[in-house]
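See below for entry-v4.tsv, which holds TSV, C-alpha atoms and all ligand atoms.
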```tsv
chain	number	residue	atom	x	y	z
A	47	MET	CA	-244.15	-58.94	82.24
A	48	THR	CA	-244.07	-58.54	85.98
A	49	HIS	CA	-240.76	-57.31	87.32
A	50	ILE	CA	-238.86	-59.92	89.41
A	51	ASP	CA	-239.38	-59.02	93.03
A	52	PRO	CA	-239.12	-61.69	95.77
A	53	ALA	CA	-240.89	-59.34	98.19
A	54	ILE	CA	-244.25	-60.52	96.72
A	55	GLY	CA	-243.66	-63.87	98.44
A	56	ILE	CA	-243.55	-67.49	97.20
A	57	ASP	CA	-247.30	-68.00	96.90
A	58	ALA	CA	-247.88	-64.89	94.79
A	59	ALA	CA	-244.87	-65.85	92.64
A	60	ARG	CA	-246.30	-69.37	92.11
A	61	ALA	CA	-249.64	-67.94	90.99
A	62	LEU	CA	-247.82	-65.60	88.61
A	63	PHE	CA	-245.84	-68.51	87.15
A	64	HIS	CA	-249.01	-70.50	86.45
A	65	ASP	CA	-250.54	-67.49	84.68
A	66	GLU	CA	-247.47	-67.15	82.51
A	67	LEU	CA	-247.35	-70.90	81.81
A	68	ALA	CA	-250.95	-70.82	80.62
A	69	GLN	CA	-249.93	-68.26	77.98
A	70	ALA	CA	-246.91	-70.18	76.68
A	71	GLY	CA	-247.80	-72.14	73.54
A	72	SER	CA	-244.46	-72.89	71.89
A	73	ASP	CA	-241.09	-74.45	72.57
A	74	ALA	CA	-239.50	-71.02	72.45
A	75	ALA	CA	-242.00	-69.57	74.93
A	76	LEU	CA	-241.37	-72.47	77.34
A	77	GLN	CA	-237.64	-71.98	77.02
A	78	ALA	CA	-238.03	-68.27	77.84
A	79	LEU	CA	-240.15	-69.18	80.88
A	80	ARG	CA	-237.47	-71.59	82.08
A	81	THR	CA	-234.81	-68.89	81.90
A	82	ARG	CA	-237.05	-66.35	83.64
A	83	TRP	CA	-238.10	-68.67	86.45
A	84	VAL	CA	-235.26	-71.12	87.16
A	85	GLY	CA	-232.27	-69.69	85.26
A	86	ARG	CA	-228.96	-69.50	87.11
A	87	LYS	CA	-228.86	-65.73	87.12
A	88	GLY	CA	-231.56	-63.08	87.18
A	89	SER	CA	-234.44	-65.55	87.57
A	90	TRP	CA	-237.25	-65.58	90.11
A	91	VAL	CA	-235.76	-68.61	91.91
A	92	ALA	CA	-232.28	-67.02	91.87
A	93	ALA	CA	-233.80	-63.88	93.41
A	94	PHE	CA	-235.49	-65.95	96.15
A	95	MET	CA	-232.16	-67.69	96.86
A	96	ASP	CA	-230.49	-64.26	97.21
A	97	ALA	CA	-233.24	-63.25	99.58
A	98	VAL	CA	-232.57	-66.39	101.67
A	99	GLY	CA	-228.94	-65.25	102.04
A	100	LYS	CA	-230.02	-61.85	103.26
A	101	ALA	CA	-232.86	-63.05	105.52
A	102	ALA	CA	-232.86	-63.08	109.31
A	103	PRO	CA	-231.59	-66.44	110.67
A	104	ALA	CA	-235.04	-67.40	111.95
A	105	GLU	CA	-236.62	-67.01	108.49
A	106	LYS	CA	-233.84	-68.58	106.42
A	107	ARG	CA	-235.06	-72.17	106.71
A	108	ALA	CA	-238.69	-71.60	105.75
A	109	LEU	CA	-237.76	-69.24	102.95
A	110	GLY	CA	-235.13	-71.65	101.60
A	111	GLN	CA	-237.58	-74.56	101.59
A	112	GLY	CA	-240.17	-72.42	99.84
A	113	ALA	CA	-237.70	-71.38	97.12
A	114	ASN	CA	-236.63	-74.99	96.53
A	115	THR	CA	-240.20	-76.20	96.35
A	116	LEU	CA	-241.04	-73.45	93.84
A	117	LYS	CA	-238.02	-74.44	91.77
A	118	ARG	CA	-239.05	-78.10	91.63
A	119	GLU	CA	-242.63	-77.21	90.84
A	120	VAL	CA	-241.64	-74.85	88.03
A	121	GLU	CA	-239.30	-77.45	86.52
A	122	ALA	CA	-241.90	-80.20	86.74
A	123	ALA	CA	-244.64	-78.01	85.29
A	124	LEU	CA	-242.37	-76.94	82.38
A	125	GLU	CA	-241.49	-80.60	81.70
A	126	THR	CA	-245.12	-81.64	81.66
A	127	ARG	CA	-246.07	-78.82	79.39
A	128	LEU	CA	-243.21	-79.50	77.01
A	129	ALA	CA	-244.18	-83.18	76.80
A	130	ALA	CA	-247.78	-82.24	76.05
A	131	LEU	CA	-246.69	-79.85	73.32
A	132	THR	CA	-244.41	-82.46	71.74
A	133	ALA	CA	-247.19	-85.08	71.78
A	134	THR	CA	-249.51	-82.90	69.71
A	135	ARG	CA	-246.86	-82.08	67.14
A	136	ARG	CA	-246.64	-83.95	63.80
A	137	PRO	CA	-243.40	-85.89	63.39
A	138	ALA	CA	-241.01	-84.03	61.10
A	139	GLY	CA	-241.76	-84.69	57.43
A	140	ALA	CA	-245.14	-86.27	58.11
A	141	VAL	CA	-248.03	-85.60	55.75
A	142	ASP	CA	-251.33	-84.52	57.19
A	143	VAL	CA	-253.68	-86.62	55.09
A	144	THR	CA	-256.71	-84.80	56.47
A	145	LEU	CA	-255.72	-81.46	54.90
A	146	PRO	CA	-257.77	-80.51	51.83
A	147	GLY	CA	-255.73	-80.89	48.63
A	148	ARG	CA	-254.38	-77.95	46.71
A	149	ARG	CA	-256.71	-77.29	43.83
A	150	PRO	CA	-255.00	-77.60	40.46
A	151	ARG	CA	-255.62	-74.45	38.39
A	152	LEU	CA	-257.54	-75.41	35.31
A	153	GLY	CA	-256.97	-73.30	32.22
A	154	HIS	CA	-259.86	-71.76	30.33
A	155	ARG	CA	-260.33	-71.90	26.58
A	156	HIS	CA	-259.47	-68.66	24.83
A	157	PRO	CA	-262.56	-66.83	23.54
A	158	LEU	CA	-261.13	-66.81	20.00
A	159	SER	CA	-260.59	-70.58	20.17
A	160	LEU	CA	-264.16	-71.02	21.39
A	161	VAL	CA	-265.57	-69.16	18.39
A	162	ARG	CA	-263.20	-70.90	15.96
A	163	ASP	CA	-264.11	-74.33	17.31
A	164	GLN	CA	-267.79	-73.56	17.21
A	165	VAL	CA	-267.56	-72.46	13.57
A	166	MET	CA	-265.52	-75.55	12.72
A	167	GLU	CA	-268.06	-77.78	14.41
A	168	VAL	CA	-271.00	-76.25	12.58
A	169	PHE	CA	-269.36	-76.64	9.18
A	170	SER	CA	-267.80	-80.05	9.79
A	171	ARG	CA	-271.28	-81.29	10.60
A	172	LEU	CA	-272.45	-79.91	7.23
A	173	GLY	CA	-269.70	-81.87	5.49
A	174	TYR	CA	-267.29	-79.00	4.82
A	175	GLN	CA	-263.56	-79.51	4.61
A	176	VAL	CA	-261.59	-77.45	7.13
A	177	LEU	CA	-258.39	-75.91	5.75
A	178	GLU	CA	-255.54	-73.80	6.94
A	179	GLY	CA	-253.23	-72.00	4.59
A	180	PRO	CA	-250.15	-69.84	4.24
A	181	GLU	CA	-250.06	-66.55	6.08
A	182	ILE	CA	-247.43	-65.26	3.67
A	183	GLU	CA	-249.03	-64.89	0.27
A	184	ASP	CA	-248.32	-63.67	-3.20
A	185	ASP	CA	-250.42	-60.90	-4.62
A	186	TYR	CA	-251.80	-63.18	-7.29
A	187	HIS	CA	-253.73	-65.28	-4.74
A	188	ASN	CA	-254.49	-62.47	-2.32
A	189	PHE	CA	-255.66	-59.95	-4.93
A	190	GLU	CA	-255.35	-60.60	-8.61
A	191	ALA	CA	-257.13	-63.92	-8.94
A	192	LEU	CA	-259.84	-62.45	-6.72
A	193	ASN	CA	-260.59	-59.90	-9.41
A	194	MET	CA	-258.65	-57.12	-7.71
A	195	PRO	CA	-256.33	-55.88	-10.44
A	196	GLU	CA	-253.09	-54.03	-9.95
A	197	GLU	CA	-254.60	-50.59	-9.46
A	198	HIS	CA	-257.08	-51.78	-6.85
A	199	PRO	CA	-256.90	-49.56	-3.74
A	200	ALA	CA	-256.78	-52.50	-1.28
A	201	ARG	CA	-253.38	-53.39	-2.73
A	202	ASP	CA	-252.01	-50.10	-1.51
A	203	MET	CA	-248.97	-49.99	0.77
A	204	GLN	CA	-251.18	-48.06	3.20
A	205	ASP	CA	-253.41	-51.06	3.78
A	206	THR	CA	-251.28	-54.13	3.21
A	207	LEU	CA	-248.14	-55.35	4.97
A	208	TYR	CA	-245.57	-56.24	2.32
A	209	LEU	CA	-242.41	-58.22	3.01
A	210	ALA	CA	-239.16	-56.29	2.80
A	211	THR	CA	-237.65	-59.25	0.97
A	212	PRO	CA	-240.07	-61.32	-1.14
A	213	LEU	CA	-239.77	-65.07	-0.60
A	214	ALA	CA	-239.44	-67.14	-3.73
A	215	PHE	CA	-240.61	-70.72	-3.34
A	216	ALA	CA	-243.55	-72.74	-4.49
A	217	LEU	CA	-246.25	-72.56	-1.87
A	218	ALA	CA	-247.78	-75.86	-2.88
A	219	GLU	CA	-244.62	-77.46	-1.52
A	220	ALA	CA	-244.26	-75.21	1.49
A	221	PRO	CA	-244.85	-76.93	4.83
A	222	ALA	CA	-246.96	-73.98	5.98
A	223	PHE	CA	-249.61	-74.87	3.45
A	224	ALA	CA	-251.37	-77.33	5.71
A	225	SER	CA	-254.78	-78.81	5.27
A	226	ALA	CA	-256.78	-80.50	7.97
A	227	ALA	CA	-257.84	-82.99	5.31
A	228	PRO	CA	-254.92	-83.20	2.92
A	229	ASP	CA	-255.65	-84.60	-0.47
A	230	GLU	CA	-253.89	-84.75	-3.79
A	231	PRO	CA	-255.05	-82.58	-6.67
A	232	SER	CA	-256.77	-84.48	-9.46
A	233	ALA	CA	-254.85	-85.00	-12.68
A	234	GLU	CA	-257.14	-82.52	-14.33
A	235	ALA	CA	-256.63	-79.97	-11.58
A	236	SER	CA	-252.85	-80.43	-11.70
A	237	ALA	CA	-252.87	-79.84	-15.43
A	238	ARG	CA	-255.00	-76.77	-14.87
A	239	ALA	CA	-252.70	-75.54	-12.13
A	240	LYS	CA	-249.72	-75.96	-14.43
A	241	ALA	CA	-251.47	-74.18	-17.25
A	242	GLY	CA	-252.50	-71.41	-14.86
A	243	ALA	CA	-249.00	-71.16	-13.44
A	244	SER	CA	-247.41	-70.88	-16.84
A	245	ALA	CA	-249.98	-68.34	-17.95
A	246	ARG	CA	-248.73	-65.94	-15.31
A	247	PRO	CA	-245.22	-64.95	-14.22
A	248	PRO	CA	-243.83	-66.78	-11.18
A	249	GLN	CA	-245.08	-65.08	-8.04
A	250	PRO	CA	-242.74	-64.50	-5.13
A	251	LEU	CA	-244.43	-64.31	-1.74
A	252	THR	CA	-244.63	-60.67	-0.97
A	253	LEU	CA	-247.25	-59.93	1.63
A	254	LEU	CA	-249.04	-61.03	4.77
A	255	ARG	CA	-252.46	-62.14	3.59
A	256	THR	CA	-255.07	-59.47	4.15
A	257	HIS	CA	-257.94	-61.95	4.14
A	258	THR	CA	-258.54	-65.68	4.04
A	259	SER	CA	-260.18	-65.28	0.62
A	260	ALA	CA	-256.82	-66.22	-0.91
A	261	MET	CA	-257.62	-69.76	0.20
A	262	GLN	CA	-260.51	-69.90	-2.27
A	263	ILE	CA	-258.01	-69.60	-5.11
A	264	ARG	CA	-255.45	-71.94	-3.55
A	265	HIS	CA	-258.05	-74.65	-3.21
A	266	MET	CA	-259.84	-74.27	-6.56
A	267	GLU	CA	-256.66	-74.23	-8.61
A	268	ARG	CA	-255.76	-77.65	-7.24
A	269	HIS	CA	-259.17	-79.30	-6.92
A	270	ASP	CA	-262.15	-79.94	-9.15
A	271	PRO	CA	-265.64	-78.94	-8.15
A	272	PRO	CA	-267.69	-79.57	-6.11
A	273	VAL	CA	-266.11	-77.59	-3.27
A	274	ARG	CA	-267.28	-77.16	0.29
A	275	LEU	CA	-264.62	-75.62	2.53
A	276	VAL	CA	-263.96	-73.35	5.45
A	277	ALA	CA	-260.49	-71.87	5.94
A	278	ILE	CA	-259.64	-70.36	9.30
A	279	GLY	CA	-256.62	-68.40	10.39
A	280	PRO	CA	-254.83	-65.13	11.02
A	281	VAL	CA	-254.89	-62.24	8.56
A	282	TYR	CA	-252.93	-58.99	8.63
A	283	ARG	CA	-253.74	-55.38	7.90
A	284	ARG	CA	-251.91	-52.17	8.27
A	285	ASP	CA	-254.09	-50.91	11.12
A	286	ASN	CA	-253.09	-49.21	14.33
A	287	LEU	CA	-254.09	-50.82	17.58
A	288	ASP	CA	-257.28	-49.37	19.06
A	289	LEU	CA	-260.57	-50.53	20.61
A	290	THR	CA	-261.71	-52.25	17.45
A	291	HIS	CA	-258.56	-52.75	15.33
A	292	THR	CA	-255.47	-54.91	15.52
A	293	PRO	CA	-252.87	-55.39	12.79
A	294	MET	CA	-253.51	-59.14	13.08
A	295	PHE	CA	-256.86	-60.79	13.53
A	296	HIS	CA	-258.59	-63.99	12.47
A	297	GLN	CA	-261.05	-64.82	9.77
A	298	VAL	CA	-263.06	-67.76	8.65
A	299	GLU	CA	-263.62	-68.07	4.92
A	300	GLY	CA	-266.29	-70.26	3.42
A	301	LEU	CA	-266.61	-71.45	-0.16
A	302	VAL	CA	-269.20	-73.69	-1.77
A	303	VAL	CA	-269.06	-74.46	-5.49
A	304	GLY	CA	-271.08	-76.87	-7.57
A	305	ARG	CA	-273.84	-77.17	-10.11
A	306	GLY	CA	-276.91	-75.11	-9.28
A	307	ILE	CA	-275.67	-73.41	-6.11
A	308	THR	CA	-277.84	-70.31	-5.59
A	309	LEU	CA	-278.25	-67.29	-3.41
A	310	ALA	CA	-280.84	-69.31	-1.49
A	311	ASP	CA	-278.08	-71.72	-0.43
A	312	LEU	CA	-275.98	-68.79	0.76
A	313	LYS	CA	-278.87	-67.36	2.77
A	314	GLY	CA	-279.82	-70.68	4.32
A	315	THR	CA	-276.26	-71.57	5.25
A	316	LEU	CA	-275.39	-68.21	6.78
A	317	THR	CA	-278.69	-67.96	8.62
A	318	SER	CA	-278.08	-71.30	10.28
A	319	MET	CA	-274.50	-70.35	11.11
A	320	ALA	CA	-275.76	-67.19	12.86
A	321	ALA	CA	-278.25	-69.30	14.78
A	322	ALA	CA	-275.48	-71.68	15.87
A	323	LEU	CA	-273.24	-68.82	17.00
A	324	PHE	CA	-275.75	-66.44	18.56
A	325	GLY	CA	-278.77	-68.60	19.37
A	326	ALA	CA	-281.71	-70.03	17.45
A	327	GLN	CA	-283.78	-66.87	17.86
A	328	GLN	CA	-281.15	-64.68	16.22
A	329	GLU	CA	-282.60	-62.50	13.48
A	330	VAL	CA	-280.37	-61.80	10.44
A	331	ARG	CA	-280.65	-59.62	7.36
A	332	PHE	CA	-278.83	-59.60	4.04
A	333	ARG	CA	-277.82	-56.19	2.79
A	334	PRO	CA	-276.56	-55.56	-0.75
A	335	SER	CA	-272.86	-54.71	-0.82
A	336	PHE	CA	-269.82	-54.87	-3.05
A	337	PHE	CA	-266.78	-57.14	-3.19
A	338	PRO	CA	-264.72	-57.52	-6.37
A	339	TYR	CA	-264.80	-61.32	-6.10
A	340	THR	CA	-268.56	-61.78	-5.72
A	341	GLU	CA	-271.58	-60.74	-7.76
A	342	PRO	CA	-274.05	-60.10	-6.28
A	343	SER	CA	-272.50	-59.35	-2.88
A	344	ALA	CA	-274.18	-59.08	0.49
A	345	GLU	CA	-273.22	-58.15	3.97
A	346	VAL	CA	-274.92	-60.05	6.76
A	347	ASP	CA	-276.15	-58.22	9.85
A	348	ILE	CA	-277.55	-59.64	13.03
A	349	ARG	CA	-280.18	-57.92	15.16
A	350	CYS	CA	-278.25	-55.95	17.78
A	351	ILE	CA	-277.75	-58.29	20.71
A	352	ARG	CA	-277.42	-55.47	23.21
A	353	CYS	CA	-280.59	-53.47	22.44
A	354	ASP	CA	-282.53	-56.04	20.41
A	355	GLY	CA	-283.02	-53.53	17.64
A	356	ALA	CA	-284.16	-50.54	19.70
A	357	GLY	CA	-280.96	-48.65	18.89
A	358	CYS	CA	-277.91	-48.22	21.12
A	359	ALA	CA	-274.28	-47.11	21.03
A	360	ILE	CA	-273.02	-50.56	19.96
A	361	CYS	CA	-275.19	-50.70	16.83
A	362	LYS	CA	-274.83	-46.95	16.30
A	363	GLN	CA	-278.62	-46.60	16.64
A	364	THR	CA	-279.24	-48.81	13.59
A	365	GLY	CA	-280.48	-51.85	15.49
A	366	TRP	CA	-278.20	-54.08	13.38
A	367	LEU	CA	-274.61	-55.35	13.65
A	368	GLU	CA	-272.58	-56.36	10.63
A	369	ILE	CA	-270.88	-59.74	11.03
A	370	LEU	CA	-269.67	-60.84	7.61
A	371	GLY	CA	-269.27	-60.27	3.90
A	372	SER	CA	-270.52	-62.74	1.32
A	373	GLY	CA	-271.75	-63.20	-2.19
A	374	MET	CA	-272.02	-65.39	-5.28
A	375	VAL	CA	-268.54	-66.17	-6.64
A	376	HIS	CA	-267.66	-63.83	-9.51
A	377	PRO	CA	-267.20	-65.56	-12.90
A	378	ALA	CA	-263.76	-63.94	-13.19
A	379	VAL	CA	-262.65	-65.82	-10.07
A	380	PHE	CA	-263.80	-69.13	-11.54
A	381	GLU	CA	-261.97	-68.36	-14.76
A	382	ALA	CA	-258.74	-67.59	-12.92
A	383	CYS	CA	-258.94	-71.06	-11.35
A	384	GLY	CA	-259.89	-72.86	-14.56
A	385	TYR	CA	-263.52	-73.50	-13.54
A	386	ASP	CA	-266.20	-72.95	-16.18
A	387	PRO	CA	-268.69	-70.34	-14.92
A	388	ALA	CA	-271.25	-71.72	-17.35
A	389	GLU	CA	-271.04	-75.07	-15.55
A	390	VAL	CA	-270.73	-74.17	-11.88
A	391	THR	CA	-271.85	-71.49	-9.50
A	392	GLY	CA	-270.94	-70.91	-5.88
A	393	PHE	CA	-271.11	-68.71	-2.85
A	394	ALA	CA	-268.42	-67.45	-0.51
A	395	PHE	CA	-268.25	-65.59	2.76
A	396	GLY	CA	-265.65	-64.17	5.13
A	397	MET	CA	-266.21	-63.45	8.80
A	398	GLY	CA	-263.99	-61.96	11.50
A	399	ILE	CA	-263.56	-64.27	14.51
A	400	GLU	CA	-262.73	-61.37	16.84
A	401	ARG	CA	-265.81	-59.50	15.73
A	402	VAL	CA	-268.03	-62.46	16.64
A	403	ALA	CA	-266.30	-62.87	20.01
A	404	LEU	CA	-266.65	-59.15	20.80
A	405	LEU	CA	-270.37	-59.28	20.10
A	406	LYS	CA	-271.08	-62.67	21.65
A	407	TRP	CA	-269.56	-61.78	25.01
A	408	ASN	CA	-270.08	-58.03	24.94
A	409	VAL	CA	-266.35	-57.27	25.12
A	410	ASP	CA	-265.61	-53.63	24.39
A	411	ASP	CA	-261.88	-53.72	23.64
A	412	ILE	CA	-260.36	-56.10	21.07
A	413	ARG	CA	-256.92	-55.76	22.68
A	414	LEU	CA	-258.14	-57.84	25.62
A	415	PHE	CA	-257.95	-60.92	23.39
A	416	TYR	CA	-254.19	-60.61	23.11
A	417	GLU	CA	-253.10	-59.42	26.55
A	418	ASN	CA	-253.38	-62.81	28.29
A	419	ASP	CA	-254.76	-61.23	31.45
A	420	LEU	CA	-256.04	-64.17	33.49
A	421	ARG	CA	-258.77	-62.04	35.07
A	422	PHE	CA	-260.22	-61.66	31.58
A	423	LEU	CA	-259.55	-65.18	30.29
A	424	GLU	CA	-260.95	-66.88	33.39
A	425	GLN	CA	-264.40	-65.56	32.58
A	426	PHE	CA	-264.73	-67.91	29.61
A	427	PRO	CA	-265.80	-71.56	29.79
A	428	LEU	CA	-263.25	-74.29	30.53
A	501	LIG	N1	-262.55	-60.80	2.29
A	501	LIG	C1	-263.56	-59.96	2.89
A	501	LIG	C2	-262.91	-59.16	4.03
A	501	LIG	O1	-261.80	-59.43	4.38
A	501	LIG	C3	-264.67	-60.78	3.44
A	501	LIG	C4	-265.42	-61.49	2.35
A	501	LIG	C5	-266.42	-60.85	1.68
A	501	LIG	C6	-265.09	-62.79	2.02
A	501	LIG	C7	-267.14	-61.49	0.71
A	501	LIG	C8	-265.80	-63.44	1.01
A	501	LIG	C9	-266.82	-62.77	0.37
A	501	LIG	O2	-265.53	-64.68	0.64
A	501	LIG	O3	-267.52	-63.42	-0.60
A	501	LIG	O4	-263.55	-58.29	4.55
```

Take the structure from the file and write it as structure tokens.
Ligand code: DAH
Amino acid sequence: MTHIDPAIGIDAARALFHDELAQAGSDAALQALRTRWVGRKGSWVAAFMDAVGKAAPAEKRALGQGANTLKREVEAALETRLAALTATRRPAGAVDVTLPGRRPRLGHRHPLSLVRDQVMEVFSRLGYQVLEGPEIEDDYHNFEALNMPEEHPARDMQDTLYLATPLAFALAEAPAFASAAPDEPSAEASARAKAGASARPPQPLTLLRTHTSAMQIRHMERHDPPVRLVAIGPVYRRDNLDLTHTPMFHQVEGLVVGRGITLADLKGTLTSMAAALFGAQQEVRFRPSFFPYTEPSAEVDIRCIRCDGAGCAICKQTGWLEILGSGMVHPAVFEACGYDPAEVTGFAFGMGIERVALLKWNVDDIRLFYENDLRFLEQFPL
């Protein structure tokens, strides 16, 4: 800012003031200009007045008039400018209705919920019952009734999370045993359940269920055939966290029981589920496998969705991706539930929800599903 020096003369000072005024856009800037130009001490006008005092008598009058005129002009110009500034300002507390609104942030559905809901929709449309069930189980329902006797390796402490203190209460009465379509067991089924219960020692709840297959038993021991259900929910395994494992994940279990249910029903149902989840063109194959609770058993693979079968790192060069286990219900399972294997047959399957989500959206790290990082979650549909 130009140093105050009355030697430049009134006219040059006036021009300077108007330059400075043109730059001043706020109340504070105008206030600073007022102090600099017409303040009592140290201002331009004060300096001119001093100069009048020191001037030769012949010059005093003209110089004094000039200083006074400059003072009045500066004051008037500051006033005008201040008024103009005030006129353009919104009154305090006013709302500017022309501003665009703040966009509300809409949440996105979690990828695991998207898969779960899609599976539920497919099976509800086919007339299946959708169940939830207890996450804390006894080893009768999780293993034994599924034809996995005591020495079965899956029951090992290495693989299964056992409770430090077993819980002893009847699960049928436990609030956690919820069903989306609650219904009472038939008299016959109740009698069967009682007979079954007395035929085995009372079972305290000792473990976190390792699969949703336990729900097959829980349903059949309380209900007569025919059965058409899907059970969806968390399951627990003694796995360390890595790219493809978490100690908790989700499964959907399916069970269909009735007269004359065949492997063809299993194939048709699972093929149409794969089409619903991965697209109508999706190719599937059924590969012989083994599960203690089904005979025969099959794993279902889909054509690799990354390389379309050419072979890549995701499908380990096989061209196929495994998505679920399935099979025809083993007669021993029917017997444990009081169903007559000579009368009814059925198929069952179990599929990992995370696995489907990983493949569907080409996600390479399962941990992303649990970290709640919005940058990840925002990429899924609303
Ligand atoms: N329980 C199996 C698992 O956790 C999946 C499974 C396989 C479920 C075959 C079934 C079945 O109902 O029939 O890997």

List every residue of chain A that has an atom at most 6 Å from any atom of ligand LIG 501 (chain A), giving for each one its closest atom pair and the distance in Å to one decimal, counting only C-alpha atoms and all ligand atoms, sorted by chain and then by ascending residue number, as a Markdown table.
```
| residue | atom | partner | partner_atom | distance |
| --- | --- | --- | --- | --- |
| A:His257 | CA | A:LIG501 | O1 | 4.6 |
| A:Ser259 | CA | A:LIG501 | N1 | 5.3 |
| A:Glu299 | CA | A:LIG501 | O2 | 5.8 |
| A:Phe337 | CA | A:LIG501 | C7 | 5.9 |
| A:Thr340 | CA | A:LIG501 | O3 | 5.5 |
| A:Gly371 | CA | A:LIG501 | C5 | 3.7 |
| A:Ser372 | CA | A:LIG501 | O3 | 3.6 |
| A:Gly373 | CA | A:LIG501 | O3 | 4.5 |
| A:Ala394 | CA | A:LIG501 | O3 | 4.1 |
| A:Phe395 | CA | A:LIG501 | O2 | 3.6 |
| A:Gly396 | CA | A:LIG501 | C6 | 3.4 |
```

Same residues, C-alpha atoms, saved as an mmCIF file, keeping the file's coordinate frame:
```cif
data_model
loop_
_atom_site.group_PDB
_atom_site.id
_atom_site.type_symbol
_atom_site.label_atom_id
_atom_site.label_comp_id
_atom_site.auth_asym_id
_atom_site.auth_seq_id
_atom_site.Cartn_x
_atom_site.Cartn_y
_atom_site.Cartn_z
ATOM 1 C CA HIS A 257 -257.940 -61.950 4.140
ATOM 2 C CA SER A 259 -260.180 -65.280 0.620
ATOM 3 C CA GLU A 299 -263.620 -68.070 4.920
ATOM 4 C CA PHE A 337 -266.780 -57.140 -3.190
ATOM 5 C CA THR A 340 -268.560 -61.780 -5.720
ATOM 6 C CA GLY A 371 -269.270 -60.270 3.900
ATOM 7 C CA SER A 372 -270.520 -62.740 1.320
ATOM 8 C CA GLY A 373 -271.750 -63.200 -2.190
ATOM 9 C CA ALA A 394 -268.420 -67.450 -0.510
ATOM 10 C CA PHE A 395 -268.250 -65.590 2.760
ATOM 11 C CA GLY A 396 -265.650 -64.170 5.130
#
```

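Using only C-alpha atoms, the contacts of Ile278 in chain A at a cut-off of 6 Å, with sequence neighbours closer than 5 positions omitted, comprise Glu178, Gln297 and Val298 of chain A.
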
Problem - Expected residue set, 12 Å radius at (-270.1, -74.3, 14.6), only C-alpha atoms, as a ChimeraX atom specification - result: /A:159-174,176,276,298,315-316,318-325,399

Each residue of range 86-113 of chain A lying at most 12 Å from range 57-68 of chain A should get a row with its shortest atom-to-atom pair and the distance in Å to one decimal, counting all atoms listed in the file; could you produce that, ordered by chain and increasing number, as JSON lines?
```
{"residue": "A:Ser89", "atom": "CA", "partner": "A:Ala59", "partner_atom": "CA", "distance": 11.6}
{"residue": "A:Trp90", "atom": "CA", "partner": "A:Ala59", "partner_atom": "CA", "distance": 8.0}
{"residue": "A:Val91", "atom": "CA", "partner": "A:Ala59", "partner_atom": "CA", "distance": 9.5}
{"residue": "A:Ala93", "atom": "CA", "partner": "A:Ala59", "partner_atom": "CA", "distance": 11.3}
{"residue": "A:Phe94", "atom": "CA", "partner": "A:Ala59", "partner_atom": "CA", "distance": 10.0}
{"residue": "A:Leu109", "atom": "CA", "partner": "A:Asp57", "partner_atom": "CA", "distance": 11.4}
{"residue": "A:Gly112", "atom": "CA", "partner": "A:Asp57", "partner_atom": "CA", "distance": 8.9}
{"residue": "A:Ala113", "atom": "CA", "partner": "A:Ala59", "partner_atom": "CA", "distance": 10.1}
```

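The closest residue to Cys361 in chain A, picked from A:Arg284, A:Arg349, A:His49, A:Lys406 and counting all atoms listed in the file, is A:Arg349.
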
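Across the structure, CA of Leu128 in chain A and CA of Asp142 in chain A are spaced 22.0 Å apart.
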
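Comparing the minimum interatomic distances between Leu131 in chain A and each of A:Thr144, A:Ala70, A:Ala191, A:Tyr385, counting all atoms listed in the file, we find that A:Ala70 sits nearest.
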
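The coordinates place CA of Arg127 in chain A at 9.7 Å from CA of Ser72 in chain A.
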
Handout entry: Pairwise distance for CA of Val409 in chain A and CA of Val281 in chain A, rounded to one decimal in Å
Key = 20.7 Å

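Among the candidates A:Ala200, A:Val141, A:Ile182, A:Cys383, the residue lying nearest to His265 in chain A is A:Cys383 (atoms considered: all atoms listed in the file).
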
Provide an axis-aligned box for all listed atoms of range 96-112 of chain A, padding each side by 6 Å; report its centre and its edge lengths in Å to one decimal, as AutoDock Vina command-line options.
```
--center_x -234.6 --center_y -68.2 --center_z 104.6 --size_x 23.2 --size_y 24.7 --size_z 26.7
```
